[in-house]
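Everything below belongs to my_file-v5.pdb, which stores PDB, C-alpha atoms.
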```pdb
ATOM      1  CA  MET A   1      42.909  15.283 -45.611
ATOM      2  CA  ASP A   2      41.322  13.243 -42.818
ATOM      3  CA  PHE A   3      41.391  15.764 -40.027
ATOM      4  CA  GLU A   4      40.281  13.463 -37.262
ATOM      5  CA  THR A   5      43.054  11.002 -38.028
ATOM      6  CA  LEU A   6      45.552  13.848 -38.144
ATOM      7  CA  TYR A   7      44.309  15.040 -34.747
ATOM      8  CA  ARG A   8      44.618  11.608 -33.140
ATOM      9  CA  GLN A   9      48.066  10.982 -34.573
ATOM     10  CA  GLN A  10      49.563  14.377 -33.845
ATOM     11  CA  LYS A  11      47.924  15.719 -30.714
ATOM     12  CA  GLY A  12      50.714  14.330 -28.548
ATOM     13  CA  GLY A  13      53.452  15.701 -30.738
ATOM     14  CA  VAL A  14      51.818  19.126 -30.981
ATOM     15  CA  PHE A  15      51.483  19.344 -27.212
ATOM     16  CA  GLN A  16      55.090  18.216 -26.665
ATOM     17  CA  LEU A  17      56.330  20.820 -29.120
ATOM     18  CA  ALA A  18      54.255  23.538 -27.457
ATOM     19  CA  LEU A  19      55.566  22.494 -24.048
ATOM     20  CA  ARG A  20      59.180  22.620 -25.234
ATOM     21  CA  LEU A  21      58.706  26.003 -26.848
ATOM     22  CA  LEU A  22      56.668  27.633 -24.084
ATOM     23  CA  ARG A  23      58.041  25.798 -21.013
ATOM     24  CA  ASN A  24      54.660  26.215 -19.314
ATOM     25  CA  PRO A  25      52.086  23.385 -19.229
ATOM     26  CA  GLU A  26      49.031  25.668 -19.107
ATOM     27  CA  LYS A  27      50.232  27.813 -22.003
ATOM     28  CA  ALA A  28      51.215  24.693 -23.914
ATOM     29  CA  MET A  29      47.741  23.262 -23.439
ATOM     30  CA  ASP A  30      46.094  26.479 -24.645
ATOM     31  CA  ALA A  31      48.454  26.723 -27.592
ATOM     32  CA  ALA A  32      47.846  23.107 -28.594
ATOM     33  CA  GLN A  33      44.071  23.547 -28.511
ATOM     34  CA  GLU A  34      44.280  26.796 -30.424
ATOM     35  CA  THR A  35      46.467  25.051 -32.999
ATOM     36  CA  PHE A  36      43.830  22.445 -33.672
ATOM     37  CA  VAL A  37      41.047  24.998 -33.859
ATOM     38  CA  LYS A  38      43.014  27.020 -36.405
ATOM     39  CA  ALA A  39      43.915  23.908 -38.347
ATOM     40  CA  PHE A  40      40.305  22.746 -38.407
ATOM     41  CA  LYS A  41      39.122  26.088 -39.731
ATOM     42  CA  ALA A  42      41.859  26.132 -42.367
ATOM     43  CA  LYS A  43      41.768  22.471 -43.384
ATOM     44  CA  ASP A  44      40.162  23.208 -46.732
ATOM     45  CA  SER A  45      43.063  25.485 -47.626
ATOM     46  CA  PHE A  46      45.604  22.663 -47.324
ATOM     47  CA  ARG A  47      46.949  22.121 -50.851
ATOM     48  CA  GLY A  48      49.318  19.228 -50.225
ATOM     49  CA  GLU A  49      52.490  21.298 -50.565
ATOM     50  CA  SER A  50      53.818  19.494 -47.496
ATOM     51  CA  LYS A  51      52.868  16.553 -45.326
ATOM     52  CA  PRO A  52      49.692  17.200 -43.305
ATOM     53  CA  SER A  53      51.700  16.818 -40.093
ATOM     54  CA  THR A  54      54.230  19.410 -41.272
ATOM     55  CA  TRP A  55      51.380  21.799 -42.125
ATOM     56  CA  LEU A  56      49.979  21.247 -38.633
ATOM     57  CA  TYR A  57      53.334  21.792 -36.939
ATOM     58  CA  ARG A  58      53.753  25.042 -38.840
ATOM     59  CA  ILE A  59      50.486  26.256 -37.352
ATOM     60  CA  ALA A  60      51.587  25.035 -33.930
ATOM     61  CA  TYR A  61      54.965  26.763 -34.174
ATOM     62  CA  ASN A  62      53.475  30.092 -35.215
ATOM     63  CA  THR A  63      50.805  29.827 -32.535
ATOM     64  CA  CYS A  64      53.462  29.245 -29.883
ATOM     65  CA  LEU A  65      55.469  32.219 -31.151
ATOM     66  CA  ALA A  66      52.401  34.383 -30.609
ATOM     67  CA  TYR A  67      52.076  33.076 -27.052
ATOM     68  CA  GLY A  68      55.615  34.147 -26.230
ATOM     69  CA  ASP A  69      58.572  31.946 -25.401
ATOM     70  CA  GLY A  70      58.383  31.962 -21.607
ATOM     71  CA  LYS A  71      61.971  33.197 -21.546
ATOM     72  CA  ARG A  72      63.438  33.300 -18.100
ATOM     73  CA  ALA A  73      66.051  35.721 -16.876
ATOM     74  CA  LEU A  74      69.604  34.887 -17.885
ATOM     75  CA  PRO A  75      71.674  33.364 -15.093
ATOM     76  CA  GLN A  76      74.720  35.069 -13.729
ATOM     77  CA  SER A  77      77.981  34.028 -15.332
ATOM     78  CA  LEU A  78      78.796  30.435 -14.547
ATOM     79  CA  ASP A  79      82.081  29.456 -13.023
ATOM     80  CA  SER A  80      83.020  26.131 -14.609
ATOM     81  CA  ALA A  81      84.573  25.010 -11.318
ATOM     82  CA  GLU A  82      81.137  25.220  -9.671
ATOM     83  CA  LEU A  83      79.647  22.912 -12.230
ATOM     84  CA  PHE A  84      81.329  19.826 -10.872
ATOM     85  CA  ASP A  85      80.842  20.518  -7.177
ATOM     86  CA  ALA A  86      77.736  18.361  -7.185
ATOM     87  CA  GLU A  87      79.753  15.275  -8.016
ATOM     88  CA  GLN A  88      81.778  15.490  -4.814
ATOM     89  CA  ALA A  89      79.111  16.842  -2.479
ATOM     90  CA  GLU A  90      76.190  14.579  -3.317
ATOM     91  CA  PRO A  91      76.819  10.850  -3.714
ATOM     92  CA  ASP A  92      73.101  10.024  -4.282
ATOM     93  CA  GLY A  93      72.477   9.239  -8.013
ATOM     94  CA  ALA A  94      69.040  10.819  -8.341
ATOM     95  CA  ALA A  95      70.038  14.017  -6.603
ATOM     96  CA  LEU A  96      73.164  14.191  -8.745
ATOM     97  CA  ARG A  97      71.170  13.808 -11.917
ATOM     98  CA  GLU A  98      68.742  16.489 -10.825
ATOM     99  CA  GLU A  99      71.568  18.833  -9.979
ATOM    100  CA  LEU A 100      73.197  18.206 -13.344
ATOM    101  CA  ARG A 101      69.867  18.796 -15.035
ATOM    102  CA  SER A 102      69.430  22.155 -13.354
ATOM    103  CA  GLN A 103      73.003  23.099 -14.257
ATOM    104  CA  VAL A 104      72.326  22.235 -17.868
ATOM    105  CA  ALA A 105      69.121  24.268 -17.747
ATOM    106  CA  ARG A 106      70.991  27.276 -16.445
ATOM    107  CA  ALA A 107      73.619  26.885 -19.144
ATOM    108  CA  LEU A 108      70.987  26.534 -21.838
ATOM    109  CA  ALA A 109      69.453  29.835 -20.821
ATOM    110  CA  ARG A 110      72.468  31.369 -22.589
ATOM    111  CA  LEU A 111      71.497  29.760 -25.886
ATOM    112  CA  PRO A 112      69.888  32.299 -28.262
ATOM    113  CA  GLU A 113      66.134  31.791 -28.347
ATOM    114  CA  ASP A 114      66.039  31.278 -32.118
ATOM    115  CA  ASP A 115      68.558  28.470 -31.768
ATOM    116  CA  ARG A 116      66.618  26.911 -28.922
ATOM    117  CA  ARG A 117      63.366  26.953 -30.894
ATOM    118  CA  LEU A 118      65.070  25.421 -33.888
ATOM    119  CA  LEU A 119      66.512  22.625 -31.784
ATOM    120  CA  CYS A 120      63.074  22.054 -30.193
ATOM    121  CA  LEU A 121      61.641  21.598 -33.679
ATOM    122  CA  GLN A 122      64.437  19.171 -34.490
ATOM    123  CA  MET A 123      63.400  16.993 -31.597
ATOM    124  CA  GLU A 124      60.195  16.051 -33.394
ATOM    125  CA  GLN A 125      61.016  12.743 -34.998
ATOM    126  CA  ASP A 126      58.758  13.308 -37.971
ATOM    127  CA  LEU A 127      60.411  16.564 -38.939
ATOM    128  CA  TYR A 128      63.345  16.529 -41.321
ATOM    129  CA  TYR A 129      65.231  19.559 -42.586
ATOM    130  CA  GLU A 130      62.823  19.879 -45.489
ATOM    131  CA  ASP A 131      59.863  19.945 -43.097
ATOM    132  CA  ILE A 132      61.555  22.464 -40.826
ATOM    133  CA  ALA A 133      62.250  24.617 -43.872
ATOM    134  CA  HIS A 134      58.544  24.619 -44.650
ATOM    135  CA  ILE A 135      57.651  25.489 -41.048
ATOM    136  CA  LEU A 136      60.166  28.322 -40.867
ATOM    137  CA  ASP A 137      59.454  29.394 -44.451
ATOM    138  CA  CYS A 138      63.090  29.365 -45.505
ATOM    139  CA  PRO A 139      65.267  27.288 -47.862
ATOM    140  CA  VAL A 140      66.498  23.862 -46.790
ATOM    141  CA  GLU A 141      70.093  25.015 -47.078
ATOM    142  CA  ALA A 142      69.356  27.805 -44.591
ATOM    143  CA  VAL A 143      67.988  25.227 -42.160
ATOM    144  CA  ARG A 144      71.121  23.129 -42.563
ATOM    145  CA  MET A 145      73.336  26.120 -41.789
ATOM    146  CA  ARG A 146      71.216  27.249 -38.850
ATOM    147  CA  VAL A 147      71.195  23.758 -37.362
ATOM    148  CA  CYS A 148      74.973  23.561 -37.699
ATOM    149  CA  ARG A 149      75.396  26.922 -36.006
ATOM    150  CA  ALA A 150      72.922  26.127 -33.219
ATOM    151  CA  ARG A 151      74.455  22.746 -32.446
ATOM    152  CA  ARG A 152      77.968  24.178 -32.349
ATOM    153  CA  ARG A 153      76.839  26.953 -30.009
ATOM    154  CA  LEU A 154      75.148  24.320 -27.890
ATOM    155  CA  LYS A 155      78.367  22.365 -27.731
ATOM    156  CA  GLU A 156      80.313  25.454 -26.657
ATOM    157  CA  ILE A 157      77.815  26.310 -23.926
ATOM    158  CA  LEU A 158      77.716  22.774 -22.554
ATOM    159  CA  SER A 159      81.403  21.977 -23.055
ATOM    160  CA  PRO A 160      82.221  22.121 -19.304
ATOM    161  CA  MET A 161      79.719  19.347 -18.729
ATOM    162  CA  LEU A 162      80.627  17.121 -21.613
ATOM    163  CA  GLU A 163      82.373  13.853 -20.786
ATOM    164  CA  LYS A 164      85.711  13.393 -22.347
ATOM    165  CA  LYS A 165      85.606   9.946 -23.857
ATOM    166  CA  GLU A 166      88.557   8.114 -25.286
ATOM    167  CA  GLY A 167      88.079   6.322 -28.588
ATOM    168  CA  GLY A 168      84.770   6.182 -30.389
ATOM    169  CA  ASN A 169      84.227   7.646 -33.806
ATOM    170  CA  GLY A 170      81.346  10.070 -33.310
ATOM    171  CA  LEU A 171      79.233   8.192 -35.808
ATOM    172  CA  GLN A 172      76.149   7.814 -33.641
ATOM    173  CA  ARG A 173      73.096   8.846 -35.663
ATOM    174  CA  ASN A 174      70.352  10.850 -33.981
TER     175      ASN A 174
ATOM    176  CA  MET B   1      88.698  18.086 -47.994
ATOM    177  CA  ASP B   2      89.635  20.072 -44.908
ATOM    178  CA  CYS B   3      88.505  19.611 -41.344
ATOM    179  CA  LYS B   4      86.532  22.881 -41.356
ATOM    180  CA  GLU B   5      84.234  21.544 -44.078
ATOM    181  CA  ILE B   6      83.879  18.242 -42.271
ATOM    182  CA  LYS B   7      82.942  19.922 -38.975
ATOM    183  CA  GLU B   8      80.319  22.042 -40.707
ATOM    184  CA  SER B   9      78.742  18.920 -42.137
ATOM    185  CA  LEU B  10      78.735  16.938 -38.877
ATOM    186  CA  PRO B  11      75.288  17.970 -37.523
ATOM    187  CA  ALA B  12      73.545  17.084 -40.790
ATOM    188  CA  PHE B  13      75.534  13.855 -40.978
ATOM    189  CA  GLN B  14      74.538  12.945 -37.418
ATOM    190  CA  ASP B  15      70.900  13.772 -38.214
ATOM    191  CA  GLY B  16      70.939  11.463 -41.209
ATOM    192  CA  GLU B  17      70.273  14.403 -43.512
ATOM    193  CA  PRO B  18      72.025  15.122 -46.817
ATOM    194  CA  ALA B  19      75.148  17.169 -46.131
ATOM    195  CA  ALA B  20      77.456  19.186 -48.363
ATOM    196  CA  ILE B  21      79.883  16.246 -48.227
ATOM    197  CA  PRO B  22      78.711  12.667 -48.865
ATOM    198  CA  ALA B  23      78.280  10.569 -45.727
ATOM    199  CA  ALA B  24      80.776   7.954 -46.875
ATOM    200  CA  GLU B  25      83.500  10.592 -47.200
ATOM    201  CA  ILE B  26      82.715  11.995 -43.759
ATOM    202  CA  GLU B  27      82.921   8.536 -42.246
ATOM    203  CA  ALA B  28      86.227   7.877 -43.938
ATOM    204  CA  HIS B  29      87.611  11.213 -42.709
ATOM    205  CA  LEU B  30      86.446  10.648 -39.134
ATOM    206  CA  ALA B  31      88.089   7.231 -39.089
ATOM    207  CA  GLY B  32      91.441   8.885 -39.629
ATOM    208  CA  CYS B  33      91.116  12.303 -37.912
ATOM    209  CA  GLY B  34      91.193  12.540 -34.116
ATOM    210  CA  PRO B  35      90.187  16.220 -33.763
ATOM    211  CA  CYS B  36      87.171  15.819 -36.061
ATOM    212  CA  ARG B  37      86.193  12.673 -34.214
ATOM    213  CA  ALA B  38      86.372  14.553 -30.890
ATOM    214  CA  GLU B  39      84.246  17.346 -32.383
ATOM    215  CA  ALA B  40      81.658  14.812 -33.535
ATOM    216  CA  GLU B  41      81.503  13.220 -30.084
ATOM    217  CA  ALA B  42      81.172  16.599 -28.355
ATOM    218  CA  LEU B  43      78.362  17.613 -30.708
ATOM    219  CA  GLN B  44      76.588  14.333 -30.068
ATOM    220  CA  GLN B  45      76.907  14.601 -26.285
ATOM    221  CA  ALA B  46      75.693  18.222 -26.251
ATOM    222  CA  TRP B  47      72.686  17.231 -28.348
ATOM    223  CA  THR B  48      71.890  14.353 -26.003
ATOM    224  CA  LEU B  49      72.149  16.658 -22.981
ATOM    225  CA  PHE B  50      69.864  19.187 -24.647
ATOM    226  CA  LYS B  51      67.230  16.543 -25.380
ATOM    227  CA  SER B  52      67.425  15.301 -21.796
ATOM    228  CA  GLN B  53      66.067  18.684 -20.700
ATOM    229  CA  TYR B  54      62.804  17.942 -22.456
ATOM    230  CA  PRO B  55      61.564  14.556 -21.292
ATOM    231  CA  PRO B  56      58.202  13.432 -22.736
ATOM    232  CA  ALA B  57      55.295  14.887 -20.766
ATOM    233  CA  GLU B  58      51.983  13.237 -20.093
ATOM    234  CA  LEU B  59      49.171  14.391 -22.333
ATOM    235  CA  PRO B  60      46.627  16.579 -20.493
ATOM    236  CA  ALA B  61      43.117  15.169 -20.082
ATOM    237  CA  GLU B  62      41.634  17.721 -22.492
ATOM    238  CA  LEU B  63      43.792  16.386 -25.311
ATOM    239  CA  ALA B  64      43.601  12.741 -24.279
ATOM    240  CA  VAL B  65      39.996  12.457 -25.538
ATOM    241  CA  GLU B  66      39.561  10.718 -28.866
ATOM    242  CA  GLU B  67      37.219  13.297 -30.330
ATOM    243  CA  PRO B  68      38.383  16.886 -30.711
ATOM    244  CA  ALA B  69      36.418  19.246 -28.467
ATOM    245  CA  PHE B  70      35.861  21.770 -31.238
ATOM    246  CA  GLN B  71      33.831  19.346 -33.351
ATOM    247  CA  PRO B  72      30.141  18.745 -32.584
ATOM    248  CA  ALA B  73      29.163  15.397 -31.049
ATOM    249  CA  ALA B  74      28.810  12.659 -33.659
ATOM    250  CA  ARG B  75      26.042  10.808 -31.807
ATOM    251  CA  PHE B  76      23.315  11.689 -34.315
ATOM    252  CA  GLY B  77      25.642  12.436 -37.171
ATOM    253  CA  TRP B  78      23.513  10.669 -39.762
ATOM    254  CA  VAL B  79      20.458  12.743 -38.825
ATOM    255  CA  ARG B  80      22.458  15.926 -39.040
ATOM    256  CA  THR B  81      23.797  14.844 -42.410
ATOM    257  CA  LEU B  82      20.279  14.269 -43.727
ATOM    258  CA  ILE B  83      19.086  17.636 -42.518
ATOM    259  CA  TRP B  84      22.059  19.423 -44.079
ATOM    260  CA  ALA B  85      21.600  17.518 -47.339
ATOM    261  CA  GLY B  86      17.938  18.522 -47.468
ATOM    262  CA  ALA B  87      18.734  22.141 -46.734
ATOM    263  CA  ALA B  88      21.407  22.167 -49.413
ATOM    264  CA  ALA B  89      19.001  20.672 -51.961
ATOM    265  CA  ALA B  90      16.327  23.259 -51.118
ATOM    266  CA  LEU B  91      18.829  26.087 -51.460
ATOM    267  CA  ALA B  92      20.050  24.763 -54.797
ATOM    268  CA  ALA B  93      16.494  24.530 -56.120
ATOM    269  CA  ALA B  94      15.699  28.038 -54.908
ATOM    270  CA  LEU B  95      18.669  29.377 -56.833
ATOM    271  CA  TYR B  96      18.410  27.168 -59.919
ATOM    272  CA  LEU B  97      14.744  27.583 -60.887
ATOM    273  CA  PRO B  98      14.697  31.375 -61.214
ATOM    274  CA  ALA B  99      18.011  31.222 -63.055
ATOM    275  CA  ARG B 100      16.520  28.712 -65.466
ATOM    276  CA  LYS B 101      13.495  30.939 -66.041
ATOM    277  CA  MET B 102      15.793  33.866 -66.570
ATOM    278  CA  SER B 103      17.916  32.092 -69.166
ATOM    279  CA  ALA B 104      14.799  30.836 -70.949
ATOM    280  CA  ALA B 105      13.412  34.388 -71.069
ATOM    281  CA  ARG B 106      16.739  35.683 -72.329
ATOM    282  CA  ALA B 107      16.837  33.088 -75.107
ATOM    283  CA  ALA B 108      13.334  34.044 -76.221
ATOM    284  CA  ALA B 109      14.239  37.721 -76.278
ATOM    285  CA  GLU B 110      17.319  36.993 -78.337
ATOM    286  CA  LYS B 111      15.242  35.105 -80.877
ATOM    287  CA  ARG B 112      12.953  38.085 -81.325
ATOM    288  CA  ALA B 113      15.784  40.629 -81.531
ATOM    289  CA  PRO B 114      18.842  39.428 -83.373
ATOM    290  CA  LEU B 115      22.238  40.706 -82.315
ATOM    291  CA  GLY B 116      23.730  43.671 -84.094
ATOM    292  CA  LEU B 117      22.209  46.638 -85.813
ATOM    293  CA  GLU B 118      23.260  45.370 -89.238
ATOM    294  CA  GLU B 119      21.407  42.134 -88.768
ATOM    295  CA  ALA B 120      18.380  43.951 -87.443
ATOM    296  CA  ALA B 121      18.454  46.473 -90.238
ATOM    297  CA  ALA B 122      19.311  44.131 -93.145
ATOM    298  CA  PRO B 123      15.738  43.232 -94.225
ATOM    299  CA  ALA B 124      14.606  46.858 -93.931
ATOM    300  CA  MET B 125      17.614  48.072 -95.847
ATOM    301  CA  ALA B 126      17.165  45.488 -98.562
ATOM    302  CA  GLU B 127      13.580  46.527 -99.115
ATOM    303  CA  TRP B 128      14.440  50.214 -98.924
ATOM    304  CA  SER B 129      17.311  49.868-101.419
ATOM    305  CA  LEU B 130      15.011  48.234-103.917
ATOM    306  CA  THR B 131      12.580  51.120-103.706
ATOM    307  CA  ARG B 132      15.204  53.820-103.764
ATOM    308  CA  ARG B 133      17.542  52.230-106.330
ATOM    309  CA  ARG B 134      20.692  53.847-104.994
ATOM    310  CA  ALA B 135      24.283  52.651-104.791
ATOM    311  CA  PRO B 136      24.914  50.486-101.726
ATOM    312  CA  GLU B 137      27.344  52.911-100.112
ATOM    313  CA  LYS B 138      24.832  55.710-100.240
ATOM    314  CA  ILE B 139      22.031  53.512 -99.050
ATOM    315  CA  ALA B 140      23.420  53.152 -95.579
ATOM    316  CA  LEU B 141      23.917  56.920 -95.149
ATOM    317  CA  ALA B 142      20.509  57.820 -96.485
ATOM    318  CA  TRP B 143      18.878  55.171 -94.391
ATOM    319  CA  ALA B 144      20.658  56.441 -91.317
ATOM    320  CA  ARG B 145      19.381  59.971 -92.074
ATOM    321  CA  GLU B 146      15.875  58.672 -92.507
ATOM    322  CA  ILE B 147      15.748  56.917 -89.211
ATOM    323  CA  GLY B 148      17.406  59.926 -87.617
ATOM    324  CA  GLY B 149      20.794  60.434 -86.166
ATOM    325  CA  ALA B 150      23.191  61.004 -89.048
ATOM    326  CA  PRO B 151      23.964  64.592 -90.148
ATOM    327  CA  GLU B 152      22.909  65.779 -93.628
TER     328      GLU B 152
END
```
As structure tokens - that is how I would like this structure written.
Amino acid sequence: MDFETLYRQQKGGVFQLALRLLRNPEKAMDAAQETFVKAFKAKDSFRGESKPSTWLYRIAYNTCLAYGDGKRALPQSLDSAELFDAEQAEPDGAALREELRSQVARALARLPEDDRRLLCLQMEQDLYYEDIAHILDCPVEAVRMRVCRARRRLKEILSPMLEKKEGGNGLQRN
Amino acid sequence: MDCKEIKESLPAFQDGEPAAIPAAEIEAHLAGCGPCRAEAEALQQAWTLFKSQYPPAELPAELAVEEPAFQPAARFGWVRTLIWAGAAAALAAALYLPARKMSAARAAAEKRAPLGLEEAAAPAMAEWSLTRRRAPEKIALAWAREIGGAPE
């Protein structure tokens, strides 16, 4: 395995993953550096049972778990009527988007942390279910079920904010 | 197939991953089922909203460098390589030469002293049996008594 090439290709992705998991830039930076130090020390133990990037992301994920998830306090219960106040009160597009973003963030705080971490892993474009299964050390079928459950919970939590579109066939691929 | 199975397969289908139900069958079902289509759209929108919470961040300066900080500078890499190669060769020689001497000494010792008591004793026993003229099965016992060790 060419470690330097792996470092150059994946340093961005590792940092982005750490930032999503830890929600703190300083911690994410520390976790990313620690990931590469651990990976460098363990590079001779890589046996090719997965892609090198998947092996690296597994180290990154476990390193971030050790750092803690930066979980914030849960918000008070949300009144769905409040969620759309911003649309009437603030005509400015940027402010509206920011308000919506903070509303989504508050709603997402209700998502179980395991689900959130799983969905953060899914955001990495190089990681398929098989890769995630290797990172989480579980069968691929378990990943499929957990993703289904997490995405349906996500939909339930965000349902007040989802646009109701007419038509379409829901076939958009991620 | 029922809508419950279809809905459970939707996230994998939307991710382009193999699902419990083939993609073509899911597509055909969605084309004709309004509730499942609405579910698929809601899942897609929720996923898009989730991803919008994590916009790409700029890489910190410490990670933006081309060379990892934990590796030594490569400026005089060839010199370092030569030094390490020489040290490795010296270490190998230091370990190999005594081992070679040792195996040579062992081989010489084995030549002088053949393995096994029977082999060592065979010439002596042959000569002894000729002088004593006894049956072979008694020769071994008598011989053992003579050299000491076996009871009378």
If we count only C-alpha atoms, what is near Arg144 in chain A at a cut-off of 12 Å, once residues fewer than 5 positions away on the same chain are taken out, given as a PyMOL selection string?
(chain A and resi 118-119+122+128-133+138-139+149-151) or (chain B and resi 8-20)
Please check the contacts: residues of chain B at most 7 Å away from chain A, using only C-alpha atoms, listed as number ranges by chain.
B: 8, 11-12, 14-16, 30-31, 37, 40-43, 45-46, 53-54, 56-57, 59, 63, 66, 70
A straight line from CA of Tyr67 in chain A to CA of Ser50 in chain A spans 24.6 Å
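Straight-line separation from CA of Ala142 in chain A to CA of Leu6 in chain A: 28.3 Å.
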Interatomic distance, CA of Trp55 in chain A to CA of Ala39 in chain A (Å, one decimal)
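CA of Ala39 in chain A lies 8.6 Å from CA of Trp55 in chain A.
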All residues 10 Å or closer to Asn62 in chain A, only C-alpha atoms, same chain fewer than 2 positions away omitted, as a PyMOL selection string
chain A and resi 31+35+57-60+64-67+135-136
